[in-house]
>>> print(open('data33.txt').read())   # compact mmCIF, C-alpha atoms
# COMPACT_ATOMS: atom_id res chain seq x y z
CA MET O 1 109.08 105.87 115.18
CA CYS O 2 108.75 103.99 118.46
CA LYS O 3 105.73 104.69 120.61
CA PRO O 4 106.48 105.97 124.10
CA LYS O 5 106.10 103.26 126.74
CA VAL O 6 103.89 103.99 129.77
CA TYR O 7 103.76 102.09 133.08
CA ILE O 8 101.20 102.49 135.88
CA ASP O 9 102.54 101.59 139.32
CA GLY O 10 99.53 100.95 141.52
CA GLN O 11 97.03 100.07 138.84
CA ALA O 12 94.69 98.27 141.24
CA GLY O 13 93.43 101.45 142.91
CA THR O 14 90.61 103.73 141.77
CA THR O 15 92.85 106.15 139.86
CA GLY O 16 95.12 103.46 138.46
CA LEU O 17 92.26 101.34 137.17
CA GLN O 18 90.68 104.28 135.39
CA ILE O 19 93.96 105.37 133.79
CA VAL O 20 94.51 101.81 132.54
CA GLU O 21 91.00 101.74 131.08
CA ARG O 22 91.46 105.08 129.38
CA LEU O 23 94.91 104.38 127.93
CA LYS O 24 94.65 100.76 126.83
CA HIS O 25 93.00 101.55 123.49
CA ARG O 26 95.28 104.45 122.51
CA ASP O 27 97.48 103.79 119.50
CA ASP O 28 100.02 106.57 120.16
CA ILE O 29 101.52 104.92 123.27
CA GLU O 30 102.47 101.43 124.40
CA LEU O 31 100.94 100.54 127.76
CA LEU O 32 103.20 98.26 129.80
CA GLN O 33 101.35 95.70 131.93
CA ILE O 34 103.02 94.08 134.92
CA ASP O 35 102.06 90.51 135.82
CA GLU O 36 99.33 90.69 138.48
CA ALA O 37 101.29 88.33 140.73
CA LEU O 38 104.34 90.62 140.55
CA ARG O 39 102.73 94.04 140.98
CA LYS O 40 104.25 94.38 144.49
CA ASP O 41 107.58 92.76 143.60
CA GLU O 42 110.36 95.38 143.73
CA ALA O 43 112.56 93.76 141.08
CA ALA O 44 109.67 93.42 138.63
CA ARG O 45 108.54 96.99 139.26
CA LYS O 46 112.07 98.34 138.79
CA GLN O 47 112.26 96.50 135.48
CA MET O 48 109.06 98.25 134.41
CA PHE O 49 110.51 101.63 135.33
CA GLU O 50 113.59 100.80 133.28
CA GLN O 51 111.46 100.01 130.22
CA ALA O 52 109.05 102.93 130.54
CA ASP O 53 109.41 106.42 129.11
CA LEU O 54 106.84 107.62 131.63
CA ALA O 55 105.30 106.12 134.75
CA PHE O 56 102.22 107.02 136.77
CA LEU O 57 102.36 106.49 140.53
CA CYS O 58 98.86 105.68 141.79
CA LEU O 59 99.91 104.81 145.32
CA PRO O 60 99.62 106.00 148.92
CA ASP O 61 102.17 108.66 149.87
CA ALA O 62 104.75 106.41 151.54
CA ALA O 63 104.58 103.88 148.70
CA ALA O 64 104.96 106.67 146.12
CA ILE O 65 108.13 107.89 147.83
CA GLU O 66 109.48 104.35 147.76
CA ALA O 67 108.54 104.00 144.08
CA VAL O 68 110.58 107.11 143.25
CA ARG O 69 113.55 105.43 144.93
CA LEU O 70 113.02 102.34 142.76
CA ALA O 71 112.91 104.50 139.62
CA GLU O 72 116.14 106.37 140.39
CA GLY O 73 118.67 106.10 137.59
CA THR O 74 116.17 104.88 134.99
CA GLY O 75 115.49 108.22 133.29
CA THR O 76 111.77 107.53 133.43
CA LYS O 77 109.52 110.56 133.64
CA ILE O 78 107.07 110.31 136.55
CA ILE O 79 103.59 111.64 137.31
CA ASP O 80 102.72 111.16 140.98
CA ALA O 81 99.00 111.08 141.81
CA SER O 82 99.64 111.01 145.58
CA THR O 83 100.11 114.03 147.85
CA ALA O 84 103.76 113.17 148.51
CA HIS O 85 105.41 115.61 146.10
CA ARG O 86 102.83 118.32 145.43
CA THR O 87 104.79 121.10 147.11
CA THR O 88 108.21 120.07 145.76
CA TRP O 89 107.77 118.81 142.18
CA THR O 90 106.46 120.63 139.11
CA TYR O 91 102.73 121.13 139.68
CA GLY O 92 100.57 119.62 136.94
CA PHE O 93 98.00 122.35 136.26
CA PRO O 94 98.87 123.70 132.77
CA GLU O 95 95.95 126.12 132.47
CA LEU O 96 97.23 128.37 135.25
CA SER O 97 99.71 130.09 132.91
CA ASP O 98 101.92 129.55 129.87
CA ALA O 99 104.85 129.20 132.27
CA HIS O 100 103.12 126.33 134.08
CA ARG O 101 102.49 124.56 130.76
CA ARG O 102 106.11 124.96 129.61
CA GLU O 103 107.45 123.68 132.91
CA ILE O 104 105.28 120.54 132.66
CA GLN O 105 106.45 119.93 129.09
CA THR O 106 110.11 119.82 130.14
CA ALA O 107 109.74 118.23 133.60
CA GLN O 108 111.01 114.83 134.68
CA ARG O 109 108.79 114.82 137.76
CA VAL O 110 105.22 116.16 137.86
CA ALA O 111 102.84 116.11 140.83
CA ASN O 112 99.24 115.60 139.77
CA PRO O 113 96.92 118.02 141.64
CA GLY O 114 94.53 116.85 144.33
CA CYS O 115 90.83 116.94 143.46
CA HIS O 116 89.74 119.46 146.12
CA ALA O 117 92.87 121.49 145.45
CA THR O 118 92.11 121.63 141.71
CA GLY O 119 88.85 123.47 142.34
CA LEU O 120 90.19 125.92 144.89
CA ILE O 121 93.38 126.68 142.96
CA ALA O 122 91.46 127.17 139.70
CA ILE O 123 89.51 129.92 141.46
CA VAL O 124 92.01 131.50 143.83
CA TYR O 125 95.28 131.48 141.86
CA PRO O 126 94.06 133.91 139.17
CA LEU O 127 92.48 136.18 141.77
CA VAL O 128 95.73 136.41 143.72
CA GLN O 129 97.62 137.09 140.50
CA SER O 130 95.17 139.86 139.55
CA GLY O 131 95.28 141.46 143.01
CA LEU O 132 91.63 140.75 143.88
CA VAL O 133 92.68 138.39 146.69
CA SER O 134 95.56 139.42 148.92
CA PRO O 135 98.20 136.78 149.76
CA ASP O 136 97.50 137.67 153.41
CA GLU O 137 93.79 136.86 153.11
CA VAL O 138 92.44 133.73 154.79
CA VAL O 139 90.49 132.02 152.01
CA ARG O 140 87.30 130.24 153.08
CA ALA O 141 86.01 127.37 150.98
CA PHE O 142 83.90 124.24 151.03
CA SER O 143 83.67 121.26 148.70
CA LEU O 144 81.01 118.67 147.87
CA THR O 145 82.29 115.46 146.30
CA GLY O 146 81.14 112.02 145.25
CA TYR O 147 82.29 109.02 147.26
CA SER O 148 84.66 107.64 144.60
CA GLY O 149 87.23 110.19 145.78
CA GLY O 150 87.59 108.15 148.98
CA GLY O 151 89.09 105.17 147.16
CA ASN O 152 88.18 101.50 147.14
CA LYS O 153 87.31 101.27 150.84
CA MET O 154 84.82 104.14 150.74
CA ILE O 155 83.35 102.93 147.45
CA ALA O 156 82.71 99.54 149.06
CA GLU O 157 81.03 101.20 152.06
CA TYR O 158 78.62 103.13 149.85
CA GLU O 159 77.91 100.34 147.37
CA SER O 160 77.32 97.53 149.86
CA ARG O 161 74.73 97.53 152.66
CA LYS O 162 75.48 101.07 153.77
CA SER O 163 74.45 102.38 157.15
CA HIS O 164 71.90 105.14 157.71
CA PRO O 165 74.40 108.08 157.89
CA LEU O 166 75.76 107.24 154.42
CA PHE O 167 72.45 108.20 152.83
CA SER O 168 73.13 111.86 153.68
CA PRO O 169 75.96 114.36 153.07
CA ARG O 170 78.78 114.05 155.60
CA ILE O 171 81.27 116.73 156.61
CA TYR O 172 84.76 115.38 157.22
CA GLY O 173 88.26 116.71 157.87
CA LEU O 174 86.96 118.18 161.11
CA ASN O 175 90.49 118.65 162.46
CA MET O 176 90.79 121.41 159.79
CA ASP O 177 94.05 119.86 158.58
CA HIS O 178 93.04 118.45 155.21
CA LYS O 179 95.85 116.86 153.20
CA HIS O 180 95.36 119.22 150.23
CA LEU O 181 95.93 122.40 152.24
CA PRO O 182 99.72 122.64 151.69
CA GLU O 183 99.39 122.58 147.89
CA MET O 184 96.45 125.02 147.99
CA GLN O 185 98.52 127.49 149.98
CA LYS O 186 101.75 127.12 148.02
CA ILE O 187 100.37 127.12 144.48
CA CYS O 188 98.02 130.05 145.15
CA GLY O 189 100.81 132.05 146.81
CA LEU O 190 98.93 132.46 150.08
CA ASN O 191 100.57 133.29 153.40
CA ASN O 192 97.97 131.29 155.33
CA GLU O 193 96.35 127.91 154.80
CA PRO O 194 92.73 128.18 153.62
CA LEU O 195 89.88 127.38 155.99
CA PHE O 196 88.46 124.45 154.08
CA THR O 197 85.46 122.16 154.69
CA PRO O 198 85.05 119.01 152.55
CA ILE O 199 81.70 117.18 152.29
CA VAL O 200 81.10 113.73 150.79
CA ASP O 201 77.68 112.58 149.58
CA ASP O 202 75.88 109.49 148.28
CA TYR O 203 76.74 109.70 144.57
CA TYR O 204 79.71 108.27 142.66
CA ASN O 205 81.59 111.09 140.95
CA GLY O 206 81.56 114.82 140.32
CA MET O 207 82.27 117.71 142.68
CA LEU O 208 81.78 121.38 143.45
CA VAL O 209 84.35 123.57 145.21
CA SER O 210 83.07 126.99 146.33
CA VAL O 211 84.89 130.11 147.56
CA GLN O 212 83.09 133.15 149.01
CA LEU O 213 84.57 136.61 148.48
CA GLU O 214 83.88 140.24 149.36
CA GLN O 215 84.17 141.35 145.74
CA GLU O 216 81.83 142.42 142.95
CA PRO O 217 80.78 139.39 140.86
CA GLN O 218 81.52 141.07 137.52
CA THR O 219 85.04 142.02 138.59
CA VAL O 220 85.73 138.44 139.67
CA TYR O 221 84.24 137.05 136.47
CA ASP O 222 86.41 139.34 134.33
CA ALA O 223 89.61 138.29 136.09
CA LEU O 224 88.84 134.56 135.80
CA ASN O 225 87.66 134.83 132.21
CA LYS O 226 90.87 136.62 131.25
CA THR O 227 92.98 133.83 132.75
CA TYR O 228 91.11 130.97 131.09
CA ALA O 229 90.26 132.53 127.73
CA GLY O 230 91.26 130.09 125.00
CA LYS O 231 91.72 127.18 127.42
CA PRO O 232 89.57 124.37 125.93
CA LEU O 233 88.97 122.46 129.17
CA ILE O 234 88.02 125.41 131.40
CA GLN O 235 85.06 127.73 130.93
CA VAL O 236 83.92 130.63 133.10
CA GLU O 237 80.23 131.60 133.29
CA MET O 238 78.00 133.87 135.31
CA VAL O 239 75.44 131.82 137.25
CA LYS O 240 72.17 131.51 135.32
CA GLU O 241 70.37 128.84 137.37
CA PRO O 242 69.25 128.94 141.03
CA MET O 243 71.13 125.71 141.84
CA LEU O 244 74.26 123.84 140.77
CA ALA O 245 74.46 120.04 140.71
CA ALA O 246 77.69 118.48 141.97
CA ASN O 247 77.61 115.75 139.33
CA ALA O 248 77.07 118.08 136.35
CA GLN O 249 80.58 117.46 134.94
CA ALA O 250 80.75 113.77 135.85
CA ASP O 251 82.52 111.63 133.22
CA THR O 252 84.22 114.61 131.58
CA ASP O 253 87.68 116.17 131.91
CA GLU O 254 86.35 119.73 131.78
CA LEU O 255 86.10 122.25 134.59
CA LYS O 256 83.48 124.98 134.69
CA ILE O 257 83.71 127.99 136.97
CA TYR O 258 80.45 129.71 137.93
CA VAL O 259 80.38 133.22 139.37
CA GLY O 260 77.33 134.39 141.30
CA GLY O 261 76.36 136.97 143.89
CA SER O 262 75.33 140.60 144.16
CA LYS O 263 76.85 143.92 145.22
CA LYS O 264 80.16 143.02 146.92
CA LYS O 265 79.17 139.45 147.80
CA THR O 266 80.43 136.77 145.43
CA ILE O 267 80.41 132.99 145.40
CA VAL O 268 82.67 131.28 142.88
CA THR O 269 82.18 127.56 142.25
CA ALA O 270 84.34 125.12 140.28
CA SER O 271 82.37 122.20 138.85
CA PHE O 272 84.29 119.14 137.61
CA ASP O 273 84.72 115.39 137.98
CA ASN O 274 86.85 114.33 140.94
CA LEU O 275 88.05 111.39 138.78
CA GLY O 276 88.40 113.55 135.65
CA LYS O 277 90.03 116.96 135.87
CA GLY O 278 90.44 116.14 139.56
CA ALA O 279 92.54 113.00 138.95
CA CYS O 280 92.79 110.79 135.84
CA GLY O 281 91.98 113.40 133.22
CA ALA O 282 94.58 115.77 134.63
CA ALA O 283 97.14 112.95 134.76
CA ILE O 284 96.53 112.03 131.11
CA GLN O 285 96.75 115.69 130.07
CA ASN O 286 100.09 115.98 131.89
CA MET O 287 101.31 112.76 130.27
CA ASN O 288 100.46 114.13 126.83
CA LEU O 289 102.44 117.29 127.51
CA MET O 290 105.45 115.46 128.97
CA LEU O 291 105.64 113.04 126.02
CA GLY O 292 105.14 115.69 123.34
CA LEU O 293 101.74 114.32 122.29
CA ASP O 294 98.56 116.24 121.53
CA GLU O 295 97.68 117.80 124.90
CA PHE O 296 94.00 116.92 124.60
CA GLU O 297 94.27 113.42 123.14
CA GLY O 298 92.08 110.99 125.06
CA LEU O 299 90.34 113.67 127.13
CA ARG O 300 86.57 113.78 127.45
CA LYS O 301 84.29 116.75 126.85
CA LYS O 302 80.60 116.91 127.62
CA GLU O 303 78.40 116.10 124.66
CA GLY O 304 76.37 119.02 123.40
>>> encode(input="data33.txt", output="structure tokens")
Amino acid sequence: MCKPKVYIDGQAGTTGLQIVERLKHRDDIELLQIDEALRKDEAARKQMFEQADLAFLCLPDAAAIEAVRLAEGTGTKIIDASTAHRTTWTYGFPELSDAHRREIQTAQRVANPGCHATGLIAIVYPLVQSGLVSPDEVVRAFSLTGYSGGGNKMIAEYESRKSHPLFSPRIYGLNMDHKHLPEMQKICGLNNEPLFTPIVDDYYNGMLVSVQLEQEPQTVYDALNKTYAGKPLIQVEMVKEPMLAANAQADTDELKIYVGGSKKKTIVTASFDNLGKGACGAAIQNMNLMLGLDEFEGLRKKEG
């Protein structure tokens, strides 16, 4: 039986490089490699799409849209890691429901979730479905992430002779129009965009996304635990420690949800790796489902 062929368009970026590294030793797929000198050549890229059973797009939005045009007529399944198709294609978050998983398995086009969106959706989607959060509610959330989520340019800023402000956490997205808001709103079934504040800090990878609610912690925990029961990559816990570290799930593809609070004041926090379940790990999981492979092949869990 022939192994499915996989091509990564945009393999020089942060996400593309990590997917290459994580797939190149797998023996259940054949990883197609384009000549470095031809990685921006349209004819060479189109030839790769024609050969591939599945392609990852690890490109800026406009380039991803153009890549889809190049792939037209090839029959190649596509996973897009950009924001270009997240509100129009099948959304690649299989743990949300059995229906989401089935749709990914049969899809030709899957949009890989954004990292910030992964954390918020993991928390809010089940609460909307259970009736604990109204679709009319304005969800308020903040996120703390490592600098690798900013791509090669931001990585270079932090890892060279960085300026004084880069030694501290920095709030960004101050126009309140973050690029992940449309997918957060649509996938959660909200009538309003969330009020969302992202923060980047001086560490490489890992992130926390927190949502505050006027609900009893136990009620929120029960609803989330019911949704994710039996899902190997997502665990729900009541907070046991006085602090959470944003890099606790670094270098894994797991996501942990912590529920804390008292009376009718609850904070729910998703802890995961912005390059794992927030990017490459999710993309590999979606690839496995789309190609009929073991869903969890090649995914990383925390030791111990």
>>> residues_around(input="data33.txt", residues="Ala63 (chain O)", least_positions_apart="2", cutoff="12 Å", atoms="all atoms listed in the file", output="list in words")
Asp9, Gly10, Lys40, Glu42, Leu57, Cys58, Leu59, Pro60, Asp61, Ile65, Glu66, Ala67, Val68, Arg69, Leu70, Asp80, Ala81, Ser82, Thr83 and Ala84 of chain O
>>> atom_distance(input="data33.txt", atom1="CA of Tyr172 (chain O)", atom2="CA of Ala156 (chain O)")
17.9 Å
>>> residues_around(input="data33.txt", residues="region 96-108 of chain O", least_positions_apart="2", cutoff="8 Å", atoms="all atoms listed in the file", output="PDB file with C-alpha atoms, in the coordinates of the input")
ATOM      1  CA  THR O  76     111.770 107.530 133.430  1.00  0.00           C
ATOM      2  CA  LYS O  77     109.520 110.560 133.640  1.00  0.00           C
ATOM      3  CA  ILE O  78     107.070 110.310 136.550  1.00  0.00           C
ATOM      4  CA  THR O  90     106.460 120.630 139.110  1.00  0.00           C
ATOM      5  CA  TYR O  91     102.730 121.130 139.680  1.00  0.00           C
ATOM      6  CA  GLY O  92     100.570 119.620 136.940  1.00  0.00           C
ATOM      7  CA  PHE O  93      98.000 122.350 136.260  1.00  0.00           C
ATOM      8  CA  PRO O  94      98.870 123.700 132.770  1.00  0.00           C
ATOM      9  CA  VAL O 110     105.220 116.160 137.860  1.00  0.00           C
ATOM     10  CA  ALA O 122      91.460 127.170 139.700  1.00  0.00           C
ATOM     11  CA  TYR O 125      95.280 131.480 141.860  1.00  0.00           C
ATOM     12  CA  PRO O 126      94.060 133.910 139.170  1.00  0.00           C
ATOM     13  CA  THR O 227      92.980 133.830 132.750  1.00  0.00           C
ATOM     14  CA  TYR O 228      91.110 130.970 131.090  1.00  0.00           C
ATOM     15  CA  ASN O 286     100.090 115.980 131.890  1.00  0.00           C
ATOM     16  CA  LEU O 289     102.440 117.290 127.510  1.00  0.00           C
ATOM     17  CA  MET O 290     105.450 115.460 128.970  1.00  0.00           C
ATOM     18  CA  LEU O 291     105.640 113.040 126.020  1.00  0.00           C
ATOM     19  CA  GLY O 292     105.140 115.690 123.340  1.00  0.00           C
TER      20      GLY O 292
END
>>> residues_near_point(input="data33.txt", point="(114.1, 100.2, 134.8)", cutoff="10 Å", atoms="all atoms listed in the file", output="list in words")
Ala43, Ala44, Arg45, Lys46, Gln47, Met48, Phe49, Glu50, Gln51, Ala52, Asp53, Leu70, Ala71, Glu72, Gly73, Thr74, Gly75 and Thr76 of chain O
>>> atom_distance(input="data33.txt", atom1="CA of Val239 (chain O)", atom2="CA of Gln285 (chain O)")
27.7 Å
>>> residues_near_point(input="data33.txt", point="(97.7, 103.0, 119.7)", cutoff="12 Å", atoms="only C-alpha atoms", output="count of residues only")
17
>>> closest_residue(input="data33.txt", among="O:Phe296, O:Tyr204, O:Tyr258, O:Phe272", to="Pro232 (chain O)", atoms="all atoms listed in the file")
O:Phe296
>>> residues_around(input="data33.txt", residues="Glu214 (chain O)", least_positions_apart="3", cutoff="9 Å", atoms="only C-alpha atoms", output="list in words")
Lys263, Lys264, Lys265, Thr266 and Ile267 of chain O
>>> write_last_selection(input="data33.txt", atoms="C-alpha atoms", output="PDB file, keeping the file's coordinate frame")
ATOM      1  CA  LYS O 263      76.850 143.920 145.220  1.00  0.00           C
ATOM      2  CA  LYS O 264      80.160 143.020 146.920  1.00  0.00           C
ATOM      3  CA  LYS O 265      79.170 139.450 147.800  1.00  0.00           C
ATOM      4  CA  THR O 266      80.430 136.770 145.430  1.00  0.00           C
ATOM      5  CA  ILE O 267      80.410 132.990 145.400  1.00  0.00           C
TER       6      ILE O 267
END
>>> residues_around(input="data33.txt", residues="region 242-255 of chain O", least_positions_apart="4", cutoff="10 Å", atoms="all atoms listed in the file", output="NGL selection string")
:O and (118-119 or 122 or 143-146 or 201 or 203-209 or 232-236 or 260 or 269-282 or 284-285 or 296 or 298-303)
>>> axis_aligned_box(input="data33.txt", around="region 132-139 of chain O", padding_each_side="8 Å", output="AutoDock Vina command-line options")
--center_x 94.3 --center_y 136.4 --center_z 149.3 --size_x 23.7 --size_y 24.7 --size_z 26.9
>>> closest_residue(input="data33.txt", among="O:Ser130, O:Glu241, O:Arg140, O:Asp202", to="Ser168 (chain O)", atoms="all atoms listed in the file")
O:Asp202
>>> closest_residue(input="data33.txt", among="O:Lys226, O:Lys153, O:Lys231, O:Lys256", to="Glu95 (chain O)", atoms="all atoms listed in the file")
O:Lys231
>>> residues_around(input="data33.txt", residues="Gln218 (chain O)", least_positions_apart="5", cutoff="9 Å", atoms="only C-alpha atoms", output="list of chain:residue names")
O:Ala223, O:Met238, O:Val259, O:Gly260
>>> atom_distance(input="data33.txt", atom1="CA of Leu224 (chain O)", atom2="CA of Asp294 (chain O)")
25.2 Å
>>> closest_residue(input="data33.txt", among="O:Ser262, O:Glu193, O:Asn225, O:Ala283", to="Val139 (chain O)", atoms="all atoms listed in the file")
O:Glu193
>>> closest_residue(input="data33.txt", among="O:Ala55, O:Met287, O:Leu190, O:Leu132", to="Thr219 (chain O)", atoms="only C-alpha atoms")
O:Leu132
>>> decode(input="data33.txt", residues="region 125-145 of chain O", atoms="N, CA, C and O atoms", output="PDB file, in the first residue's frame")
ATOM      1  N   TYR O 125     -16.818  27.446  23.914  1.00  0.00           N
ATOM      2  CA  TYR O 125     -17.744  26.648  23.103  1.00  0.00           C
ATOM      3  C   TYR O 125     -18.595  25.704  23.949  1.00  0.00           C
ATOM      4  O   TYR O 125     -19.832  25.688  23.815  1.00  0.00           O
ATOM      5  N   PRO O 126     -17.993  24.893  24.839  1.00  0.00           N
ATOM      6  CA  PRO O 126     -18.836  23.993  25.637  1.00  0.00           C
ATOM      7  C   PRO O 126     -19.797  24.730  26.567  1.00  0.00           C
ATOM      8  O   PRO O 126     -20.889  24.225  26.859  1.00  0.00           O
ATOM      9  N   LEU O 127     -19.399  25.901  27.040  1.00  0.00           N
ATOM     10  CA  LEU O 127     -20.255  26.642  27.963  1.00  0.00           C
ATOM     11  C   LEU O 127     -21.446  27.270  27.241  1.00  0.00           C
ATOM     12  O   LEU O 127     -22.535  27.384  27.813  1.00  0.00           O
ATOM     13  N   VAL O 128     -21.238  27.657  25.984  1.00  0.00           N
ATOM     14  CA  VAL O 128     -22.377  28.118  25.183  1.00  0.00           C
ATOM     15  C   VAL O 128     -23.311  26.944  24.884  1.00  0.00           C
ATOM     16  O   VAL O 128     -24.540  27.046  25.015  1.00  0.00           O
ATOM     17  N   GLN O 129     -22.733  25.814  24.527  1.00  0.00           N
ATOM     18  CA  GLN O 129     -23.544  24.640  24.209  1.00  0.00           C
ATOM     19  C   GLN O 129     -24.356  24.157  25.411  1.00  0.00           C
ATOM     20  O   GLN O 129     -25.479  23.669  25.266  1.00  0.00           O
ATOM     21  N   SER O 130     -23.799  24.305  26.611  1.00  0.00           N
ATOM     22  CA  SER O 130     -24.486  23.857  27.822  1.00  0.00           C
ATOM     23  C   SER O 130     -25.447  24.892  28.386  1.00  0.00           C
ATOM     24  O   SER O 130     -26.175  24.624  29.342  1.00  0.00           O
ATOM     25  N   GLY O 131     -25.442  26.112  27.834  1.00  0.00           N
ATOM     26  CA  GLY O 131     -26.328  27.172  28.300  1.00  0.00           C
ATOM     27  C   GLY O 131     -25.777  28.007  29.433  1.00  0.00           C
ATOM     28  O   GLY O 131     -26.459  28.911  29.921  1.00  0.00           O
ATOM     29  N   LEU O 132     -24.523  27.767  29.846  1.00  0.00           N
ATOM     30  CA  LEU O 132     -23.933  28.554  30.932  1.00  0.00           C
ATOM     31  C   LEU O 132     -23.472  29.930  30.454  1.00  0.00           C
ATOM     32  O   LEU O 132     -23.354  30.859  31.250  1.00  0.00           O
ATOM     33  N   VAL O 133     -23.165  30.046  29.183  1.00  0.00           N
ATOM     34  CA  VAL O 133     -22.832  31.337  28.575  1.00  0.00           C
ATOM     35  C   VAL O 133     -23.840  31.598  27.466  1.00  0.00           C
ATOM     36  O   VAL O 133     -24.024  30.772  26.571  1.00  0.00           O
ATOM     37  N   SER O 134     -24.509  32.734  27.533  1.00  0.00           N
ATOM     38  CA  SER O 134     -25.475  33.100  26.509  1.00  0.00           C
ATOM     39  C   SER O 134     -24.760  33.557  25.241  1.00  0.00           C
ATOM     40  O   SER O 134     -23.723  34.228  25.324  1.00  0.00           O
ATOM     41  N   PRO O 135     -25.297  33.224  24.055  1.00  0.00           N
ATOM     42  CA  PRO O 135     -24.708  33.748  22.816  1.00  0.00           C
ATOM     43  C   PRO O 135     -24.671  35.271  22.775  1.00  0.00           C
ATOM     44  O   PRO O 135     -23.859  35.846  22.039  1.00  0.00           O
ATOM     45  N   ASP O 136     -25.516  35.929  23.567  1.00  0.00           N
ATOM     46  CA  ASP O 136     -25.543  37.391  23.588  1.00  0.00           C
ATOM     47  C   ASP O 136     -24.516  37.993  24.542  1.00  0.00           C
ATOM     48  O   ASP O 136     -24.308  39.207  24.542  1.00  0.00           O
ATOM     49  N   GLU O 137     -23.868  37.138  25.339  1.00  0.00           N
ATOM     50  CA  GLU O 137     -22.903  37.644  26.311  1.00  0.00           C
ATOM     51  C   GLU O 137     -21.639  38.140  25.611  1.00  0.00           C
ATOM     52  O   GLU O 137     -21.198  37.578  24.610  1.00  0.00           O
ATOM     53  N   VAL O 138     -21.050  39.201  26.152  1.00  0.00           N
ATOM     54  CA  VAL O 138     -19.754  39.676  25.658  1.00  0.00           C
ATOM     55  C   VAL O 138     -18.672  38.999  26.497  1.00  0.00           C
ATOM     56  O   VAL O 138     -18.487  39.319  27.675  1.00  0.00           O
ATOM     57  N   VAL O 139     -17.984  38.048  25.917  1.00  0.00           N
ATOM     58  CA  VAL O 139     -16.953  37.287  26.618  1.00  0.00           C
ATOM     59  C   VAL O 139     -15.711  38.154  26.785  1.00  0.00           C
ATOM     60  O   VAL O 139     -15.265  38.820  25.842  1.00  0.00           O
ATOM     61  N   ARG O 140     -15.144  38.123  27.976  1.00  0.00           N
ATOM     62  CA  ARG O 140     -13.925  38.875  28.280  1.00  0.00           C
ATOM     63  C   ARG O 140     -12.796  37.905  28.575  1.00  0.00           C
ATOM     64  O   ARG O 140     -12.950  37.020  29.412  1.00  0.00           O
ATOM     65  N   ALA O 141     -11.671  38.101  27.893  1.00  0.00           N
ATOM     66  CA  ALA O 141     -10.571  37.146  28.018  1.00  0.00           C
ATOM     67  C   ALA O 141      -9.233  37.843  27.840  1.00  0.00           C
ATOM     68  O   ALA O 141      -9.148  38.910  27.226  1.00  0.00           O
ATOM     69  N   PHE O 142      -8.198  37.215  28.398  1.00  0.00           N
ATOM     70  CA  PHE O 142      -6.832  37.671  28.132  1.00  0.00           C
ATOM     71  C   PHE O 142      -5.948  36.459  27.915  1.00  0.00           C
ATOM     72  O   PHE O 142      -6.299  35.328  28.279  1.00  0.00           O
ATOM     73  N   SER O 143      -4.802  36.686  27.292  1.00  0.00           N
ATOM     74  CA  SER O 143      -3.911  35.585  26.931  1.00  0.00           C
ATOM     75  C   SER O 143      -2.466  36.002  27.171  1.00  0.00           C
ATOM     76  O   SER O 143      -2.083  37.141  26.899  1.00  0.00           O
ATOM     77  N   LEU O 144      -1.667  35.062  27.670  1.00  0.00           N
ATOM     78  CA  LEU O 144      -0.235  35.270  27.872  1.00  0.00           C
ATOM     79  C   LEU O 144       0.514  34.234  27.048  1.00  0.00           C
ATOM     80  O   LEU O 144       0.296  33.031  27.223  1.00  0.00           O
ATOM     81  N   THR O 145       1.358  34.683  26.126  1.00  0.00           N
ATOM     82  CA  THR O 145       2.006  33.748  25.206  1.00  0.00           C
ATOM     83  C   THR O 145       3.503  34.000  25.101  1.00  0.00           C
ATOM     84  O   THR O 145       3.978  35.117  25.324  1.00  0.00           O
TER      85      THR O 145
END
